[in-house]
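Structure file my_file-v2.txt; described as compact mmCIF, C-alpha atoms.
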```txt
# COMPACT_ATOMS: atom_id res chain seq x y z
CA MET A 1 -7.18 0.41 31.32
CA HIS A 2 -9.30 2.97 29.46
CA ALA A 3 -11.48 1.57 26.66
CA TYR A 4 -9.89 3.75 23.97
CA ARG A 5 -6.46 4.92 25.15
CA THR A 6 -3.90 5.12 27.89
CA HIS A 7 -1.86 7.74 26.03
CA SER A 8 -2.41 10.05 23.10
CA CYS A 9 -0.52 9.41 19.87
CA GLY A 10 1.77 12.37 20.45
CA GLU A 11 2.54 11.51 24.06
CA LEU A 12 4.78 8.41 23.92
CA ARG A 13 8.48 9.00 24.58
CA LEU A 14 11.57 6.93 25.32
CA SER A 15 10.66 7.04 29.02
CA HIS A 16 7.56 4.94 28.21
CA ALA A 17 9.61 2.06 26.73
CA GLY A 18 8.62 -1.26 28.28
CA GLU A 19 5.13 -0.11 29.25
CA THR A 20 1.95 -1.45 27.68
CA ALA A 21 -0.01 1.28 25.94
CA ARG A 22 -3.34 1.52 24.19
CA LEU A 23 -3.72 4.09 21.41
CA SER A 24 -6.73 5.11 19.33
CA GLY A 25 -6.73 7.17 16.19
CA TRP A 26 -6.90 7.33 12.42
CA VAL A 27 -4.66 5.24 10.20
CA HIS A 28 -2.53 7.93 8.62
CA ARG A 29 -0.21 5.83 6.46
CA LYS A 30 0.70 2.15 6.01
CA ARG A 31 4.02 0.78 4.78
CA ASP A 32 4.61 -2.91 4.06
CA HIS A 33 8.28 -3.90 4.37
CA GLY A 34 7.95 -7.60 3.63
CA GLN A 35 8.01 -9.21 7.07
CA LEU A 36 6.83 -6.06 8.89
CA LEU A 37 3.86 -3.75 8.47
CA PHE A 38 4.26 -0.18 9.74
CA VAL A 39 1.16 1.85 10.51
CA ASP A 40 1.30 5.54 11.41
CA LEU A 41 -1.54 6.19 13.84
CA ARG A 42 -2.77 9.79 14.12
CA ASP A 43 -4.94 11.64 16.59
CA THR A 44 -5.33 15.35 17.34
CA PHE A 45 -2.18 15.31 19.47
CA GLY A 46 0.31 13.73 17.09
CA LEU A 47 1.52 10.64 15.28
CA THR A 48 2.91 7.31 16.52
CA GLN A 49 4.37 4.47 14.49
CA CYS A 50 2.90 1.04 15.19
CA VAL A 51 4.54 -2.14 13.91
CA ILE A 52 3.28 -5.69 13.45
CA ASP A 53 5.14 -8.81 12.34
CA VAL A 54 3.85 -11.06 9.55
CA SER A 55 3.72 -14.00 11.98
CA SER A 56 1.08 -12.25 14.11
CA PRO A 57 -2.51 -13.51 13.73
CA LEU A 58 -3.61 -9.85 13.51
CA PHE A 59 -1.40 -9.10 10.49
CA ALA A 60 -4.05 -9.88 7.85
CA GLU A 61 -6.70 -7.84 9.67
CA LEU A 62 -4.44 -4.80 10.07
CA GLU A 63 -3.24 -5.11 6.48
CA ALA A 64 -6.87 -4.96 5.27
CA VAL A 65 -7.61 -1.75 7.19
CA ARG A 66 -7.74 1.29 4.91
CA VAL A 67 -6.21 4.69 5.44
CA GLU A 68 -8.44 6.99 7.56
CA SER A 69 -10.05 4.05 9.38
CA VAL A 70 -10.30 4.46 13.15
CA ILE A 71 -8.55 1.75 15.16
CA THR A 72 -7.45 0.98 18.70
CA VAL A 73 -4.15 -0.85 19.15
CA THR A 74 -2.62 -2.24 22.33
CA GLY A 75 0.92 -3.43 22.91
CA PRO A 76 4.31 -2.71 24.45
CA VAL A 77 6.16 0.49 23.69
CA VAL A 78 9.61 -0.43 22.35
CA GLU A 79 12.68 1.63 21.59
CA ARG A 80 13.55 1.97 17.91
CA ASP A 81 16.95 0.95 16.57
CA PRO A 82 19.32 3.94 16.39
CA GLU A 83 19.30 3.91 12.57
CA THR A 84 15.48 3.99 12.43
CA VAL A 85 14.94 6.88 14.87
CA ASN A 86 12.91 9.68 13.28
CA PRO A 87 14.18 13.02 14.67
CA ASN A 88 11.35 14.90 12.91
CA LEU A 89 8.69 13.38 15.18
CA PRO A 90 8.39 13.86 18.95
CA THR A 91 7.53 10.14 19.16
CA GLY A 92 10.33 9.20 16.74
CA GLU A 93 12.39 7.26 19.30
CA VAL A 94 9.70 4.67 20.07
CA GLU A 95 7.12 2.51 18.35
CA LEU A 96 4.21 0.39 19.52
CA ARG A 97 4.28 -3.38 18.84
CA VAL A 98 0.69 -4.34 18.05
CA GLU A 99 -0.62 -7.23 20.18
CA ALA A 100 -4.33 -6.37 20.13
CA LEU A 101 -6.39 -4.62 17.48
CA GLU A 102 -9.93 -3.27 17.38
CA VAL A 103 -11.32 -1.63 14.27
CA ARG A 104 -13.67 1.11 15.48
CA SER A 105 -14.71 2.48 12.10
CA ARG A 106 -13.78 1.26 8.63
CA ALA A 107 -13.14 3.94 6.04
CA ALA A 108 -14.39 3.74 2.49
CA VAL A 109 -12.00 4.04 -0.41
CA LEU A 110 -10.84 7.64 -0.66
CA PRO A 111 -11.49 9.26 -4.06
CA LEU A 112 -8.33 11.36 -3.79
CA GLN A 113 -5.52 10.94 -1.38
CA ASP A 114 -3.28 13.91 -0.66
CA PRO A 115 0.41 13.04 -0.45
CA PRO A 116 1.96 13.65 2.96
CA ARG A 117 3.73 16.94 3.57
CA LYS A 118 7.15 17.21 5.14
CA CYS A 119 5.71 17.38 8.67
CA GLY A 120 3.88 14.09 8.20
CA PHE A 121 0.31 15.31 7.96
CA ALA A 122 -1.72 15.31 4.77
CA GLY A 123 -1.45 18.48 2.72
CA SER A 124 -4.17 20.45 1.10
CA HIS A 125 -3.59 20.47 -2.63
CA ARG A 126 -6.33 22.83 -3.74
CA GLY A 127 -5.55 22.76 -7.42
CA ARG A 128 -5.96 19.01 -7.74
CA ARG A 129 -9.00 19.02 -5.49
CA ARG A 130 -10.68 21.74 -7.56
CA ALA A 131 -9.98 19.94 -10.81
CA HIS A 132 -12.04 16.94 -9.67
CA ARG A 133 -15.00 18.89 -8.31
CA PRO A 134 -18.23 19.27 -10.25
CA PRO A 135 -18.08 22.22 -12.64
CA ALA A 136 -20.67 24.18 -10.64
CA CYS A 137 -18.40 24.10 -7.56
CA ARG A 138 -15.13 25.14 -9.18
CA ASP A 139 -13.68 28.56 -8.49
CA ARG A 140 -13.93 30.66 -11.61
CA GLY A 141 -13.45 34.06 -10.11
CA PRO A 142 -16.24 36.42 -9.16
CA SER A 143 -19.61 35.40 -10.52
CA PRO A 144 -21.25 37.89 -12.86
CA ARG A 145 -24.18 39.56 -11.16
CA PRO A 146 -27.15 40.96 -13.00
CA PRO A 147 -27.20 44.75 -12.99
CA HIS A 148 -29.40 46.33 -10.37
CA PRO A 149 -32.57 47.94 -11.62
CA PRO A 150 -32.63 51.73 -11.45
CA ARG A 151 -33.24 53.12 -8.02
CA SER A 152 -36.47 54.77 -9.03
CA VAL A 153 -37.98 51.40 -9.98
CA ASN A 154 -37.07 49.91 -6.58
CA SER A 155 -38.56 52.80 -4.69
CA MET A 156 -41.76 53.20 -6.76
CA PRO A 157 -43.96 51.05 -4.48
CA THR A 158 -42.88 53.16 -1.51
CA ARG A 159 -43.61 56.34 -3.37
CA ARG A 160 -47.01 55.10 -4.42
CA CYS A 161 -47.90 54.28 -0.82
CA SER A 162 -46.74 57.62 0.45
CA ASP A 163 -48.42 59.61 -2.31
CA GLY A 164 -51.57 61.34 -1.22
CA PRO A 165 -53.02 64.11 0.89
CA GLN A 166 -51.82 62.56 4.18
CA PHE A 167 -48.16 62.89 2.97
CA PRO A 168 -47.99 66.32 1.39
CA ASN A 169 -44.18 66.72 1.70
CA THR A 170 -43.14 63.61 -0.27
CA VAL A 171 -41.24 63.77 -3.51
CA MET A 172 -44.09 62.46 -5.66
CA SER A 173 -46.68 64.84 -4.28
CA SER A 174 -44.31 67.77 -4.76
CA MET A 175 -43.71 66.65 -8.35
CA LYS A 176 -47.45 66.60 -9.11
CA ALA A 177 -48.00 70.05 -7.77
```
Structure rendered as structure tokens:
Amino acid sequence: MHAYRTHSCGELRLSHAGETARLSGWVHRKRDHGQLLFVDLRDTFGLTQCVIDVSSPLFAELEAVRVESVITVTGPVVERDPETVNPNLPTGEVELRVEALEVRSRAAVLPLQDPPRKCGFAGSHRGRRRAHRPPACRDRGPSPRPPHPPRSVNSMPTRRCSDGPQFPNTVMSSMKA
């Protein structure tokens, strides 16, 4: 078995039920339903729901993992009950029962957490994000620019260099004459 995964998070389907799978990804969301802990695991290919029972010795460790931590979970792929099937997800007919857990990278506490959008992935709420940025980084429209100096001031050094008998046709030499 591969060290990190046998399938991607968006790959598991009902045809995989009964197989043992290993998935790696970011913890997208956690939901504690008393006796069960549901963890949505996300990678670049999709999202898979993982479930662990409170009687499992790994329950406390998985419960302590923060959102956006990177984990690897191993366990059997099981069919969801008909009333819990999520038709909005390609992997909504199955879930992974966690039997082994490896925490690859623990995430720090997130300063702001975007609420999930309808599709299941975190949204980008620019207004709230801008409000909590340092004042120097906030968008305040176009920045005022200092006016440009007159063109003649910018080109004076060039005119001084080109002034003289070796450049008789320049503007400055024609003005002196």
Rank A:Arg66, A:Arg104, A:Arg97, A:His2 by their smallest atom-to-atom distance to Gln49 of chain A, using all atoms listed in the file, and report the top residue only. A:Arg97
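Considering all atoms listed in the file, the residue among A:Leu58, A:Val73, A:Val85, A:Ala107 positioned nearest to Arg5 of chain A is A:Val73.
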Taking (8.6, 1.6, 29.6) in the file's coordinates, which residues come within 12 Å, counting all atoms listed in the file, written as a short mmCIF file (atom, residue, chain, number, x, y, z; two decimals) with C-alpha atoms, keeping the file's coordinate frame?
```
data_model
loop_
_atom_site.label_atom_id
_atom_site.label_comp_id
_atom_site.auth_asym_id
_atom_site.auth_seq_id
_atom_site.Cartn_x
_atom_site.Cartn_y
_atom_site.Cartn_z
CA LEU A 12 4.78 8.41 23.92
CA ARG A 13 8.48 9.00 24.58
CA LEU A 14 11.57 6.93 25.32
CA SER A 15 10.66 7.04 29.02
CA HIS A 16 7.56 4.94 28.21
CA ALA A 17 9.61 2.06 26.73
CA GLY A 18 8.62 -1.26 28.28
CA GLU A 19 5.13 -0.11 29.25
CA THR A 20 1.95 -1.45 27.68
CA ALA A 21 -0.01 1.28 25.94
CA GLY A 75 0.92 -3.43 22.91
CA PRO A 76 4.31 -2.71 24.45
CA VAL A 77 6.16 0.49 23.69
CA VAL A 78 9.61 -0.43 22.35
CA GLU A 79 12.68 1.63 21.59
CA VAL A 94 9.70 4.67 20.07
CA GLU A 95 7.12 2.51 18.35
CA LEU A 96 4.21 0.39 19.52
#
```
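Our summary of the geometry notes that atom CA of Ser24 of chain A is positioned 26.9 Å from atom CA of Glu83 of chain A.
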Counting all atoms listed in the file, which of A:Leu89, A:Ala108, A:Val54, A:Ala60 gets nearest to Gly10 of chain A?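 Selected residue with least distance to Gly10 of chain A: A:Leu89.
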Given all atoms listed in the file as the counted atoms, nearest of A:Ser56, A:Ser105, A:Asn86, A:Thr48 to Arg29 of chain A: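 That would be A:Thr48, the residue with the smallest distance to Arg29 of chain A.
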In Å to one decimal, how far is atom CA of Cys9 of chain A from atom CA of Leu47 of chain A?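 These atoms are spaced 5.2 Å apart.
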Å distance separating atom CA of Val109 of chain A from atom CA of Ala64 of chain A, one decimal place: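 Taking atom CA of Val109 of chain A as the start and atom CA of Ala64 of chain A as the end point, the length is 11.8 Å.
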Distance query Tyr4 of chain A at most 7 Å, all atoms listed in the file, self and fewer than 6 positions along chain excluded, as number ranges by chain: A: 22-24, 72
